[in-house]
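Engineer: The structure that follows is given in the form of structure tokens.
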Amino acid sequence: MDGACLELIHRVPGANPQLDALEERALIRQAQRGDRGAFEQLVRKYEGSVLRLALQVVRSEEEAKDLYQESFLKIYRALGRFRFESRFSTWVYRVVMNVCLDHLRRAGTRREVQAPAPAAGSDPEPVEFFQTVAEERPELDPERALQGKEVGRRIRAALARLSPRERLVFELKHYQGMKLRAIGEYCGTSEQTVKNCLFRATQKLRAELKEIV
Amino acid sequence: MNCQVVQENLTFYLYDELGAEERAAVEAHLGACTTCARAAAELRRLRALLDQRALPEPSPELLVRCRQALEEALDREAASWRALVRSWFVVPPGVSALRVTTALTILLLGFSLGWTLRPRAGSPATPAGRAESAPWVGADLANLRISGISQVAPDPQTGAVRITMDAERQVTLEGSLDDPRIREVMLYAANRYNNPGIRRDTLEVLRDQGDNPTVREALLYALRYDANAGVRLEAVEAVQGIAWDPDVREALLGALRTDDNPGVRAAVVNVLIEHADDEMLPVLEELASTDRSPYVRMKCARAARERAQN
Ligand SMILES: [Zn+2]
């Protein structure tokens, strides 16, 4: 499970070199005593994967920033209660997962209020949903680029239709390559629940995307 | 494995979440069953399609913005009630929560009465009939969402101060002003808390503590910056009780020049009269003709006259 996290960290531009366990333990203790510098070093270790996940589940950089801030603020507030009974990384991601799930739930409610489910046959994409999300890399071939954009749009729309938990599990499994057991630990649920989520998510995506698969 | 079991497991097979045995069974079946092989191929295509989604990379600019936002949030956090209460009840590393609880002797007084937290060691008498107290550890308290302070009251008999706060339940902190932690909460209340009535009550309690440098700073801060005129007025009164020095003088003169409330300016003149010096004379004379309030002009004129006569 740590393998997955570390791999993520390596992909983050400018991220801190990973801390070894002892060093991290010392930093946690310092941070628990109120040392902001120590806390910030811990943030540096995890911020890359947190931000990457945030960007995957929100609509805009601005929202990703909010998730980042909310996650680390929660971690900061709860840090005093971390008793080294679990891995720190697990504990951190558990907080982050909850923040992401809350966000997805809120976003889901908002979307229902703003845009009722479209009638069959109409464009299935909630219009405002991805407008502000960072655009795909520009392609040289304009036709391919157009196609790629369309595909990307369809994929994001399909992902947006998953339940918050299915969405998060799918993001972590498919796009971040985490093991289901680790995802279960992070989400505070059993591996079986996560398995069911992944199964349902895949089924739904297959149904949503069957025309272009 | 039959077709149904295989198809149920295809997702996990493709995501490499099967044990070696199951994996081998699925592979064997796929080699022999075209229906399931087709289903597997479709799932593979779905996976490949989903891989086409471009994942937004966090840009360095975004990372910087995030760090800045977090830093600001942490600054606010450090100045919040939560942080104060936490610093009070923080469980020092290596000390069990139980020991801290004993030291603080946290006592449950009942639902409506809220909590009385006595920071002093020793066990205050438990009122009869309310003894069903489960001690509350500091860690829990630090988690309270404190929404407001409802009362700051000195106890004239014991000299203790009682601070009542609205949280998920009402919380009361009680302790002597000698206790630096009580003082910290008080200073916070005096300068930052957004209910002016509470700020004023707090200043009133702090008045007798003017010898303490931090309290003194809090008083001058309130005099200079508090948004509520009543609080500034209270600060002017409180400043009367503290040792006169250039800082106090500057704060008062500043208030006289810039405070937009005539009542506060008039009160400032009252204090200045007692400490008027020659350097102050021009300021008083100037304000005797320029202050917007006739009453303040009159007071300044009288103060200047008295000073000139001495
Ligand atoms: Zn089959």
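Labels for the structure tokens follow display order: chains A, B, ..., residues from 1 in each chain, ligands from 1.
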For chain A, work out the contacting residues on chain B at 6 Å, counting only C-alpha atoms, and write them as an MDAnalysis selection string.
Structural biologist: chainID B and resid 46 53:54 66 70
Engineer: Can I get the selected residues back with N, CA, C and O atoms, as a JSON list (two decimals), in the first residue's frame?
Structural biologist:
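Result file part-v7.json:
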[["chain", "number", "residue", "atom", "x", "y", "z"],
["B", 46, "LEU", "N", -12.61, -1.03, -22.34],
["B", 46, "LEU", "CA", -13.12, 0.02, -21.45],
["B", 46, "LEU", "C", -11.98, 0.64, -20.65],
["B", 46, "LEU", "O", -11.87, 1.86, -20.52],
["B", 53, "ARG", "N", -8.48, 9.51, -20.53],
["B", 53, "ARG", "CA", -8.80, 10.72, -19.78],
["B", 53, "ARG", "C", -7.49, 11.36, -19.32],
["B", 53, "ARG", "O", -6.64, 10.71, -18.70],
["B", 54, "ALA", "N", -7.33, 12.61, -19.67],
["B", 54, "ALA", "CA", -6.10, 13.30, -19.27],
["B", 54, "ALA", "C", -6.23, 13.71, -17.81],
["B", 54, "ALA", "O", -7.18, 14.38, -17.43],
["B", 66, "CYS", "N", -1.92, 26.79, -3.03],
["B", 66, "CYS", "CA", -2.44, 25.91, -1.98],
["B", 66, "CYS", "C", -1.66, 26.12, -0.68],
["B", 66, "CYS", "O", -2.26, 26.23, 0.40],
["B", 70, "LEU", "N", -3.15, 27.45, 2.85],
["B", 70, "LEU", "CA", -3.05, 26.65, 4.07],
["B", 70, "LEU", "C", -2.36, 27.45, 5.16],
["B", 70, "LEU", "O", -2.78, 27.45, 6.33]]
Engineer: Using only C-alpha atoms, which protein or nucleic acid residues come within 7 Å of stretch 92-101 of chain A? Drop anything in the same chain fewer than 3 positions from it, and give the result as number ranges by chain.
Structural biologist: A: 67, 71, 75, 88-89, 104-105, 164-165, 186-188
Engineer: Output all heavy atoms of each residue in that selection to a file, as a CSV table (one decimal), in the first residue's frame.
Structural biologist:
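The file below, part_27.csv, is the result:
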chain,number,residue,atom,x,y,z
A,67,LEU,N,-10.0,21.8,-1.2
A,67,LEU,CA,-9.9,20.4,-0.6
A,67,LEU,C,-8.5,20.2,0.1
A,67,LEU,O,-8.4,19.6,1.1
A,67,LEU,CB,-10.0,19.4,-1.7
A,67,LEU,CG,-11.4,19.1,-2.3
A,67,LEU,CD1,-11.5,17.8,-3.0
A,67,LEU,CD2,-12.5,19.1,-1.2
A,71,SER,N,-8.3,19.5,4.0
A,71,SER,CA,-7.7,18.3,4.4
A,71,SER,C,-6.6,18.5,5.4
A,71,SER,O,-6.5,17.9,6.5
A,71,SER,CB,-7.0,17.5,3.2
A,71,SER,OG,-8.0,17.2,2.3
A,75,ILE,N,-6.2,17.7,9.4
A,75,ILE,CA,-5.1,16.9,9.9
A,75,ILE,C,-4.4,17.6,11.0
A,75,ILE,O,-4.0,17.1,12.1
A,75,ILE,CB,-4.1,16.6,8.8
A,75,ILE,CG1,-4.7,15.6,7.8
A,75,ILE,CG2,-2.8,16.0,9.3
A,75,ILE,CD1,-4.0,15.4,6.5
A,88,PHE,N,1.1,6.6,9.8
A,88,PHE,CA,0.7,8.0,9.7
A,88,PHE,C,0.1,8.2,8.3
A,88,PHE,O,-0.9,8.9,8.1
A,88,PHE,CB,1.9,8.9,9.9
A,88,PHE,CG,1.5,10.4,9.9
A,88,PHE,CD1,0.7,10.9,10.8
A,88,PHE,CD2,2.1,11.2,8.9
A,88,PHE,CE1,0.4,12.3,10.8
A,88,PHE,CE2,1.7,12.6,8.9
A,88,PHE,CZ,0.9,13.1,9.8
A,89,SER,N,0.6,7.6,7.3
A,89,SER,CA,0.1,7.8,5.9
A,89,SER,C,-1.3,7.4,5.8
A,89,SER,O,-2.2,8.0,5.2
A,89,SER,CB,1.0,7.1,4.9
A,89,SER,OG,1.0,5.7,5.2
A,104,LEU,N,-17.7,15.3,-2.8
A,104,LEU,CA,-18.4,14.6,-3.8
A,104,LEU,C,-19.9,14.6,-3.5
A,104,LEU,O,-20.8,14.8,-4.3
A,104,LEU,CB,-17.9,13.2,-4.1
A,104,LEU,CG,-16.6,13.2,-4.8
A,104,LEU,CD1,-16.0,11.7,-4.8
A,104,LEU,CD2,-16.7,13.6,-6.3
A,105,ARG,N,-20.2,14.4,-2.2
A,105,ARG,CA,-21.6,14.3,-1.8
A,105,ARG,C,-22.2,15.7,-2.0
A,105,ARG,O,-23.3,15.8,-2.5
A,105,ARG,CB,-21.7,13.9,-0.3
A,105,ARG,CG,-21.4,12.4,-0.2
A,105,ARG,CD,-21.8,11.9,1.2
A,105,ARG,NE,-21.2,10.6,1.4
A,105,ARG,CZ,-20.2,10.3,2.2
A,105,ARG,NH1,-19.7,11.3,3.0
A,105,ARG,NH2,-19.7,9.1,2.3
A,164,PRO,N,-20.6,8.9,-4.8
A,164,PRO,CA,-19.3,9.4,-4.3
A,164,PRO,C,-18.3,8.4,-3.9
A,164,PRO,O,-17.1,8.4,-4.3
A,164,PRO,CB,-19.7,10.2,-3.1
A,164,PRO,CG,-21.1,10.7,-3.4
A,164,PRO,CD,-21.7,9.6,-4.2
A,165,ARG,N,-18.8,7.3,-3.3
A,165,ARG,CA,-17.9,6.3,-2.9
A,165,ARG,C,-17.3,5.5,-4.1
A,165,ARG,O,-16.1,5.2,-4.1
A,165,ARG,CB,-18.5,5.4,-1.9
A,165,ARG,CG,-17.6,4.5,-1.1
A,165,ARG,CD,-18.3,3.7,0.0
A,165,ARG,NE,-18.6,4.6,1.2
A,165,ARG,CZ,-17.7,4.8,2.1
A,165,ARG,NH1,-16.5,4.4,2.1
A,165,ARG,NH2,-18.0,5.6,3.1
A,186,TYR,N,-8.0,3.3,3.8
A,186,TYR,CA,-8.1,4.8,3.7
A,186,TYR,C,-9.5,5.2,3.8
A,186,TYR,O,-9.8,6.3,4.4
A,186,TYR,CB,-7.5,5.3,2.3
A,186,TYR,CG,-6.1,5.0,2.1
A,186,TYR,CD1,-5.5,5.0,0.8
A,186,TYR,CD2,-5.2,4.9,3.2
A,186,TYR,CE1,-4.2,4.8,0.7
A,186,TYR,CE2,-3.9,4.7,3.0
A,186,TYR,CZ,-3.4,4.6,1.7
A,186,TYR,OH,-2.0,4.4,1.6
A,187,CYS,N,-10.4,4.5,3.3
A,187,CYS,CA,-11.8,4.9,3.4
A,187,CYS,C,-12.5,4.4,4.6
A,187,CYS,O,-13.7,4.7,4.9
A,187,CYS,CB,-12.6,4.4,2.1
A,187,CYS,SG,-12.0,5.1,0.6
A,188,GLY,N,-11.8,3.7,5.4
A,188,GLY,CA,-12.4,3.2,6.7
A,188,GLY,C,-13.4,2.1,6.4
A,188,GLY,O,-14.4,2.0,7.2
Engineer: Neighbouring residues of ligand 1 are defined here as those with any atom at most 6 Å from a ligand atom, counting only C-alpha atoms and all ligand atoms; list them as a ChimeraX atom specification.
Structural biologist: /B:3,33,35-36
Engineer: What would the file look like if the residues just selected were written as a JSON list (two decimals), in the first residue's frame with C-alpha atoms?
Structural biologist:
[["chain", "number", "residue", "atom", "x", "y", "z"],
["B", 3, "CYS", "CA", -19.16, -18.37, -16.66],
["B", 33, "CYS", "CA", -14.79, -19.92, -23.34],
["B", 35, "THR", "CA", -18.24, -15.68, -24.40],
["B", 36, "CYS", "CA", -16.18, -14.83, -21.34]]
Engineer: With only C-alpha atoms as the basis for distance, which of A:Ala182, A:Val58, A:Ala201, A:Ala38 is at the shortest distance from A:Glu24?
Structural biologist: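 The shortest atom-to-atom distance to A:Glu24 comes from A:Ala38.
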Engineer: Fewer than 6 positions away in the same chain doesn't count, so skip those; otherwise give me all residues within 7 Å of stretch 19-29 of chain B, counting only C-alpha atoms, as number ranges by chain.
Structural biologist: B: 1, 6, 13
Engineer: What gap, in Å, lies between atom CA of B:Val296 and atom CA of B:Ala266?
Structural biologist: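 We find that atom CA of B:Val296 and atom CA of B:Ala266 lie 5.4 Å from each other.
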Engineer: Can you work out which one of A:Leu79, A:Thr90, A:Val57, A:Asp102 has the shortest atom-to-atom distance to A:Phe170, counting only C-alpha atoms?
Structural biologist: A:Val57
Engineer: Would you work out the distance separating atom CA of A:Leu162 from atom CA of A:Lys204, expressed in Å to one decimal?
Structural biologist: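 Computing it gives 7.4 Å between the two atoms.
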